[in-house]
file input_15.txt (compact mmCIF, C-alpha atoms)
# COMPACT_ATOMS: atom_id res chain seq x y z
CA MET F 1 36.56 58.57 71.86
CA VAL F 2 37.27 58.99 68.16
CA LYS F 3 34.72 60.75 66.06
CA ARG F 4 34.79 59.20 62.61
CA ARG F 5 33.93 60.73 59.31
CA PRO F 6 31.08 59.04 57.42
CA LEU F 7 32.26 56.83 54.61
CA GLY F 8 32.02 58.32 51.15
CA SER F 9 31.73 61.94 52.37
CA LYS F 10 33.95 64.33 50.46
CA ASN F 11 32.66 67.69 51.67
CA LYS F 12 34.75 68.03 54.87
CA SER F 13 38.34 69.25 54.73
CA LYS F 14 41.30 67.19 55.75
CA LEU F 15 41.94 69.44 58.76
CA ASP F 16 38.68 68.25 60.39
CA TYR F 17 40.34 64.97 61.25
CA THR F 18 43.19 66.70 63.06
CA THR F 19 40.89 68.58 65.42
CA GLN F 20 38.80 65.51 66.38
CA ALA F 21 41.40 63.01 67.57
CA SER F 22 45.08 62.29 67.85
CA VAL F 23 46.52 59.30 65.97
CA VAL F 24 49.76 57.36 65.90
CA LEU F 25 51.36 56.37 62.62
CA ARG F 26 52.36 52.72 62.34
CA PRO F 27 53.55 50.62 59.44
CA SER F 28 50.68 48.90 57.49
CA THR F 29 50.91 45.26 56.48
CA ARG F 30 48.02 45.61 54.00
CA SER F 31 49.09 48.55 51.84
CA LYS F 32 51.98 50.76 51.03
CA GLY F 33 52.41 53.95 53.07
CA THR F 34 51.16 54.51 56.60
CA ASP F 35 47.94 53.78 58.53
CA LEU F 36 46.14 55.94 60.99
CA ASP F 37 44.99 53.89 63.97
CA PRO F 38 43.48 55.90 66.80
CA ARG F 39 42.80 52.71 68.80
CA ASP F 40 46.47 51.78 69.13
CA SER F 41 46.81 53.36 72.59
CA GLY F 42 49.84 51.27 73.50
CA ARG F 43 51.98 52.96 70.92
CA ALA F 44 50.28 56.32 70.70
CA THR F 45 51.33 59.52 72.52
CA HIS F 46 48.25 61.69 72.70
CA SER F 47 49.04 65.24 71.71
CA ARG F 48 47.32 68.36 70.75
CA GLU F 49 47.23 69.89 67.31
CA GLY F 50 50.71 70.84 66.27
CA ASP F 51 52.50 68.15 68.42
CA SER F 52 55.36 66.27 66.83
CA LEU F 53 54.77 62.63 65.80
CA GLU F 54 57.29 60.08 64.77
CA SER F 55 56.77 58.51 61.35
CA PRO F 56 57.83 54.95 60.51
CA SER F 57 60.93 56.28 58.80
CA GLY F 58 62.01 58.03 62.01
CA ALA F 59 61.29 61.56 60.78
CA SER F 60 59.33 63.89 63.02
CA SER F 61 56.21 65.56 61.60
CA THR F 62 53.00 67.10 62.86
CA LEU F 63 49.51 65.54 62.49
CA PRO F 64 48.23 68.21 60.09
CA GLN F 65 51.23 67.60 57.90
CA LEU F 66 50.60 63.85 57.85
CA VAL F 67 46.88 64.26 57.15
CA ALA F 68 47.55 66.80 54.45
CA GLY F 69 49.72 64.28 52.66
CA LEU F 70 46.86 61.74 52.23
CA SER F 71 44.13 61.79 49.61
CA ASP F 72 40.38 61.55 50.39
CA SER F 73 40.19 57.91 49.28
CA GLU F 74 43.13 56.99 51.49
CA LEU F 75 41.54 58.72 54.45
CA ASP F 76 38.18 56.93 53.85
CA SER F 77 39.98 53.59 53.59
CA ARG F 78 41.87 54.18 56.82
CA MET F 79 38.73 55.24 58.70
CA ALA F 80 36.81 52.19 57.38
CA SER F 81 39.63 49.87 58.51
CA ASN F 82 39.53 51.41 61.98
CA ALA F 83 35.71 51.03 62.27
CA GLU F 84 34.25 48.51 64.66
CA PRO F 85 33.30 45.15 63.04
CA ALA F 86 29.59 44.53 62.30
CA SER F 87 27.71 42.16 64.60
CA TRP F 88 26.70 38.62 63.46
CA LYS F 89 23.06 39.70 63.29
CA ASP F 90 23.87 42.43 60.80
CA ALA F 91 26.00 40.01 58.79
CA PHE F 92 23.22 37.40 58.76
CA GLY F 93 20.67 40.06 57.78
CA ALA F 94 22.88 41.16 54.90
CA PHE F 95 23.32 37.53 53.83
CA LYS F 96 19.58 36.91 54.04
CA THR F 97 18.84 40.04 52.01
CA SER F 98 21.31 39.07 49.29
CA LEU F 99 19.96 35.49 49.26
CA CYS F 100 16.39 36.74 48.88
CA LYS F 101 17.44 38.97 46.02
CA GLU F 102 19.16 36.04 44.31
CA LEU F 103 16.08 33.87 44.85
CA GLU F 104 13.78 36.56 43.45
CA LYS F 105 16.04 36.95 40.44
CA GLY F 106 16.07 33.17 39.92
CA LEU F 107 12.28 33.01 40.25
CA GLU F 108 11.85 35.74 37.67
CA THR F 109 14.16 33.90 35.29
CA LEU F 110 12.27 30.66 35.95
CA LYS F 111 8.94 32.38 35.29
CA LYS F 112 10.20 33.74 31.99
CA ASP F 113 11.62 30.38 30.92
CA LEU F 114 8.46 28.56 32.03
CA GLY F 115 6.25 31.04 30.19
CA ALA F 116 8.27 30.62 27.01
CA ALA F 117 8.13 26.82 27.36
CA ILE F 118 4.35 26.92 27.88
CA GLU F 119 3.87 29.12 24.82
CA GLN F 120 6.00 26.77 22.74
CA LEU F 121 4.07 23.78 24.10
CA ASP F 122 0.77 25.49 23.25
CA VAL F 123 1.94 25.98 19.69
CA ARG F 124 2.97 22.34 19.41
CA VAL F 125 -0.29 21.13 20.95
CA SER F 126 -2.26 23.29 18.53
CA SER F 127 -0.25 21.82 15.66
CA VAL F 128 -0.89 18.29 16.92
CA ASP F 129 -4.61 19.03 17.29
CA THR F 130 -4.73 20.32 13.72
CA LYS F 131 -2.95 17.26 12.39
CA GLN F 132 -5.17 14.97 14.45
CA GLU F 133 -8.27 16.67 13.05
CA GLU F 134 -6.94 16.27 9.52
CA LEU F 135 -6.16 12.61 10.24
CA SER F 136 -9.65 12.07 11.68
CA ASN F 137 -11.23 13.63 8.61
CA GLY F 138 -9.07 11.43 6.41
CA LEU F 139 -10.07 8.33 8.36
CA ARG F 140 -13.75 9.23 8.08
CA ARG F 141 -13.40 9.68 4.33
CA ALA F 142 -11.50 6.39 4.11
CA ALA F 143 -14.20 4.62 6.16
CA ALA F 144 -16.90 5.98 3.85
CA GLU F 145 -14.94 4.86 0.80
CA ILE F 146 -14.37 1.42 2.35
CA ASN F 147 -18.11 1.05 2.92
CA VAL F 148 -18.71 1.95 -0.72
CA PHE F 149 -16.07 -0.56 -1.81
CA ARG F 150 -17.63 -3.24 0.39
CA SER F 151 -21.05 -2.68 -1.11
CA GLU F 152 -19.55 -2.72 -4.59
CA VAL F 153 -17.57 -5.89 -3.86
CA GLY F 154 -20.69 -7.53 -2.44
CA PHE F 155 -22.64 -6.54 -5.53
CA CYS F 156 -19.87 -7.88 -7.76
CA ARG F 157 -19.84 -11.17 -5.87
CA GLU F 158 -23.59 -11.51 -6.31
CA GLU F 159 -23.30 -10.73 -9.99
CA VAL F 160 -20.45 -13.20 -10.49
CA ASN F 161 -22.39 -15.87 -8.61
CA ARG F 162 -25.50 -15.10 -10.66
CA LEU F 163 -23.58 -15.38 -13.93
CA GLU F 164 -21.98 -18.63 -12.81
CA ARG F 165 -25.36 -19.94 -11.75
CA GLN F 166 -26.72 -19.01 -15.16
CA SER F 167 -23.91 -20.90 -16.86
CA ARG F 168 -24.77 -23.98 -14.76
CA ARG F 169 -28.49 -23.66 -15.40
CA CYS F 170 -28.64 -26.69 -17.72
CA ASN F 171 -26.14 -28.81 -15.77
CA PHE F 172 -26.63 -31.58 -13.24
CA GLY F 173 -24.24 -33.86 -11.41
CA VAL F 174 -24.17 -37.65 -11.24
CA VAL F 175 -22.73 -38.96 -7.95
CA GLY F 176 -21.64 -42.56 -7.40
CA ILE F 177 -20.65 -43.85 -10.86
CA ALA F 178 -17.31 -45.55 -10.31
CA GLY F 179 -14.37 -45.52 -12.65
CA LYS F 180 -11.92 -42.83 -13.64
CA SER F 181 -9.17 -43.62 -16.08
CA PRO F 182 -7.56 -41.96 -19.06
CA GLU F 183 -9.46 -44.32 -21.37
CA GLU F 184 -12.81 -43.61 -19.69
CA ASP F 185 -15.62 -42.48 -21.95
CA CYS F 186 -18.00 -40.36 -19.86
CA ALA F 187 -20.44 -40.05 -22.75
CA SER F 188 -20.98 -43.80 -23.02
CA LEU F 189 -21.27 -44.11 -19.22
CA VAL F 190 -23.91 -41.41 -19.07
CA ARG F 191 -25.95 -42.84 -21.92
CA SER F 192 -25.70 -46.48 -20.85
CA GLN F 193 -26.11 -46.11 -17.07
CA LEU F 194 -28.10 -42.88 -16.73
CA LEU F 195 -30.20 -41.83 -19.68
CA SER F 196 -31.40 -45.37 -20.18
CA LYS F 197 -33.33 -44.91 -16.93
CA PHE F 198 -35.38 -42.09 -18.51
CA PRO F 199 -37.10 -43.68 -21.50
CA SER F 200 -39.34 -40.68 -22.12
CA ILE F 201 -36.43 -38.45 -23.04
CA THR F 202 -33.69 -40.92 -23.98
CA ASN F 203 -34.02 -40.30 -27.70
CA THR F 204 -34.76 -36.57 -27.53
CA VAL F 205 -32.25 -35.25 -24.98
CA GLU F 206 -29.14 -33.64 -26.39
CA ILE F 207 -25.98 -33.72 -24.24
CA GLU F 208 -23.53 -30.86 -24.76
CA LYS F 209 -20.83 -31.68 -22.19
CA TYR F 210 -19.86 -34.32 -19.63
CA TYR F 211 -16.75 -34.53 -17.48
CA ARG F 212 -15.65 -35.56 -14.01
CA GLU F 213 -15.21 -32.73 -11.55
CA GLY F 214 -12.65 -32.99 -8.73
CA ARG F 215 -10.22 -35.73 -7.76
CA GLY F 216 -12.57 -37.88 -5.69
CA GLN F 217 -11.58 -40.37 -3.00
CA PRO F 218 -10.85 -44.13 -3.01
CA ASN F 219 -14.36 -45.02 -1.79
CA LYS F 220 -16.05 -41.95 -3.23
CA PRO F 221 -15.45 -41.30 -6.93
CA ALA F 222 -15.67 -37.81 -8.34
CA HIS F 223 -19.08 -36.97 -9.69
CA ILE F 224 -19.78 -36.44 -13.35
CA VAL F 225 -21.09 -33.10 -14.57
CA VAL F 226 -23.56 -33.42 -17.44
CA GLY F 227 -24.76 -30.46 -19.47
CA VAL F 228 -27.83 -30.77 -21.66
CA ALA F 229 -28.88 -28.37 -24.39
CA SER F 230 -32.38 -27.68 -23.08
CA HIS F 231 -33.37 -26.51 -19.63
CA GLU F 232 -36.72 -28.34 -20.05
CA HIS F 233 -34.88 -31.63 -20.40
CA LYS F 234 -32.97 -30.92 -17.20
CA VAL F 235 -36.19 -30.12 -15.32
CA GLU F 236 -37.74 -33.37 -16.59
CA ILE F 237 -34.74 -35.39 -15.45
CA MET F 238 -34.74 -33.72 -12.01
CA LYS F 239 -38.45 -34.50 -11.57
CA GLN F 240 -38.11 -38.19 -12.47
CA ARG F 241 -34.76 -38.90 -10.77
CA TRP F 242 -36.13 -40.29 -7.48
CA ASN F 243 -38.30 -42.90 -9.13
CA ALA F 244 -35.93 -43.63 -12.01
CA LEU F 245 -32.82 -44.19 -9.86
CA LYS F 246 -34.32 -45.64 -6.67
CA ASP F 247 -32.62 -49.02 -7.22
CA CYS F 248 -29.28 -47.60 -8.46
CA PRO F 249 -26.12 -46.94 -6.40
CA TYR F 250 -25.81 -43.50 -7.90
CA PHE F 251 -28.03 -40.42 -7.85
CA ILE F 252 -28.43 -36.99 -9.46
CA VAL F 253 -27.90 -33.58 -7.83
CA ASP F 254 -28.15 -30.04 -9.08
CA ASP F 255 -24.92 -28.40 -10.25
CA LEU F 256 -24.56 -25.52 -7.75
CA THR F 257 -21.95 -22.79 -7.41
CA LYS F 258 -19.72 -22.81 -4.35
CA ARG F 259 -21.61 -19.87 -2.86
CA ASP F 260 -25.01 -21.53 -3.37
CA LEU F 261 -23.73 -24.87 -2.06
CA ALA F 262 -22.51 -23.21 1.15
CA GLY F 263 -25.93 -21.59 1.61
CA LYS F 264 -27.73 -24.87 1.04
CA ARG F 265 -25.59 -26.72 3.59
CA ARG F 266 -25.99 -23.97 6.19
CA TRP F 267 -29.77 -24.47 6.36
CA ALA F 268 -29.86 -28.20 5.51
CA SER F 269 -30.85 -29.38 9.01
CA GLN F 270 -33.74 -26.90 9.27
CA ALA F 271 -34.91 -27.81 5.78
CA LYS F 272 -34.84 -31.52 6.64
CA SER F 273 -36.92 -30.90 9.78
CA LEU F 274 -39.51 -29.02 7.74
CA TRP F 275 -39.51 -31.76 5.08
CA ASP F 276 -40.10 -34.42 7.71
CA SER F 277 -43.00 -32.38 9.09
CA GLY F 278 -44.65 -32.35 5.66
CA VAL F 279 -43.43 -29.03 4.24
CA LYS F 280 -42.23 -29.43 0.66
CA LEU F 281 -39.04 -27.48 -0.05
CA ARG F 282 -36.58 -27.11 -2.87
CA PHE F 283 -33.34 -25.19 -3.26
CA TYR F 284 -33.50 -22.85 -6.22
CA SER F 285 -31.44 -19.78 -7.22
CA GLY F 286 -29.46 -19.82 -3.98
CA ARG F 287 -32.50 -20.00 -1.63
CA TRP F 288 -34.60 -22.62 0.09
CA ARG F 289 -38.09 -22.19 -1.30
CA GLY F 290 -41.48 -23.59 -0.52
CA SER F 291 -44.64 -23.72 -2.58
CA LEU F 292 -45.18 -19.97 -2.03
CA GLY F 293 -41.61 -18.93 -2.80
CA GLU F 294 -38.60 -18.10 -0.65
CA ILE F 295 -38.63 -18.94 3.07
call {"tool": "encode", "arguments": {"input": "input_15.txt", "output": "structure tokens"}}
result
Amino acid sequence: MVKRRPLGSKNKSKLDYTTQASVVLRPSTRSKGTDLDPRDSGRATHSREGDSLESPSGASSTLPQLVAGLSDSELDSRMASNAEPASWKDAFGAFKTSLCKELEKGLETLKKDLGAAIEQLDVRVSSVDTKQEELSNGLRRAAAEINVFRSEVGFCREEVNRLERQSRRCNFGVVGIAGKSPEEDCASLVRSQLLSKFPSITNTVEIEKYYREGRGQPNKPAHIVVGVASHEHKVEIMKQRWNALKDCPYFIVDDLTKRDLAGKRRWASQAKSLWDSGVKLRFYSGRWRGSLGEI
């Protein structure tokens, strides 16, 4: 039984090995020099301290002399090579321990990387939230400005329509008078076919303008717009038109703006139903109005 020196111990002297066991020198295939192998019983001749041993070169030397010629590191290496191999359980335990250490190290690295990524993501999310808040504030300001613009545009439309209505205040349209040619004289047509039907104002009415508006259709000629100088004359003509032109193929209508005409047509069926039921209505200043005003 060989008593081995613990690996890494440097406190014992080299002579301790000579008193514990006898060894046989044999050539080493792993390193230069000689190996001490106490297990090689087939080639060893057990001897006491001071016995003569045969070296690989054939020279005879004693065990203390051979041991004295080796350094501490060489002795530790030789003793470790002669140690019994570890069992598979010890090897698996060592592998499991090293694997756990590697896993722990990887987990720590992953935690650090994940923490850094989360911090960076938090910064980006905060930046996005700030930009989104700024964008929301901008959209709210834009919505408020759009509402102001809409109200202003609506007001401008009403004002433009009012001014256009004012410019048409003394106008009326004649629908159904045929004929439209370059040589046509609208003034003579109006006086001969229209104003002659109103004897009370034929000699006093003053006509400022007359022209055909639109292109018309083959069976529906464009109506003639007539502008008189006095609004009272227009009112008189509009009052007498139904009786004065009841036997004529043409008739007179008020000269409305496009906005007012659309409003009149939108409620035309309801106004007709009220008229048939005995309610007197008229369209004035963009509204259907009864005897008591707007309805």
call {"tool": "residues_around", "arguments": {"input": "input_15.txt", "residues": "segment 242-245 of chain F", "least_positions_apart": "3", "cutoff": "12 Å", "atoms": "all atoms listed in the file", "output": "JSON, numbers by chain"}}
result
{"F": [174, 175, 176, 193, 194, 195, 196, 197, 198, 199, 200, 236, 237, 238, 239, 248, 249, 250, 251, 252, 253]}
call {"tool": "atom_distance", "arguments": {"input": "input_15.txt", "atom1": "atom CA of Phe283 of chain F", "atom2": "atom CA of Pro218 of chain F"}}
result
29.4 Å
call {"tool": "atom_distance", "arguments": {"input": "input_15.txt", "atom1": "atom CA of His223 of chain F", "atom2": "atom CA of Leu261 of chain F"}}
result
15.0 Å
call {"tool": "residues_near_point", "arguments": {"input": "input_15.txt", "point": "(-25.6, -21.5, -13.5)", "cutoff": "12 Å", "atoms": "all atoms listed in the file", "output": "list in words"}}
result
Glu159, Val160, Asn161, Arg162, Leu163, Glu164, Arg165, Gln166, Ser167, Arg168, Arg169, Cys170, Asn171, Phe172, Gly227, His231, Asp254, Asp255, Leu256, Thr257, Lys258, Arg259, Asp260, Tyr284, Ser285 and Gly286 of chain F
call {"tool": "atom_distance", "arguments": {"input": "input_15.txt", "atom1": "atom CA of Glu206 of chain F", "atom2": "atom CA of Lys234 of chain F"}}
result
10.3 Å
call {"tool": "residues_around", "arguments": {"input": "input_15.txt", "residues": "Gly214 of chain F", "least_positions_apart": "2", "cutoff": "12 Å", "atoms": "only C-alpha atoms", "output": "list in words"}}
result
Gly173, Val175, Lys180, Tyr211, Arg212, Gly216, Gln217, Lys220, Pro221, Ala222, His223, Ile224 and Val225 of chain F
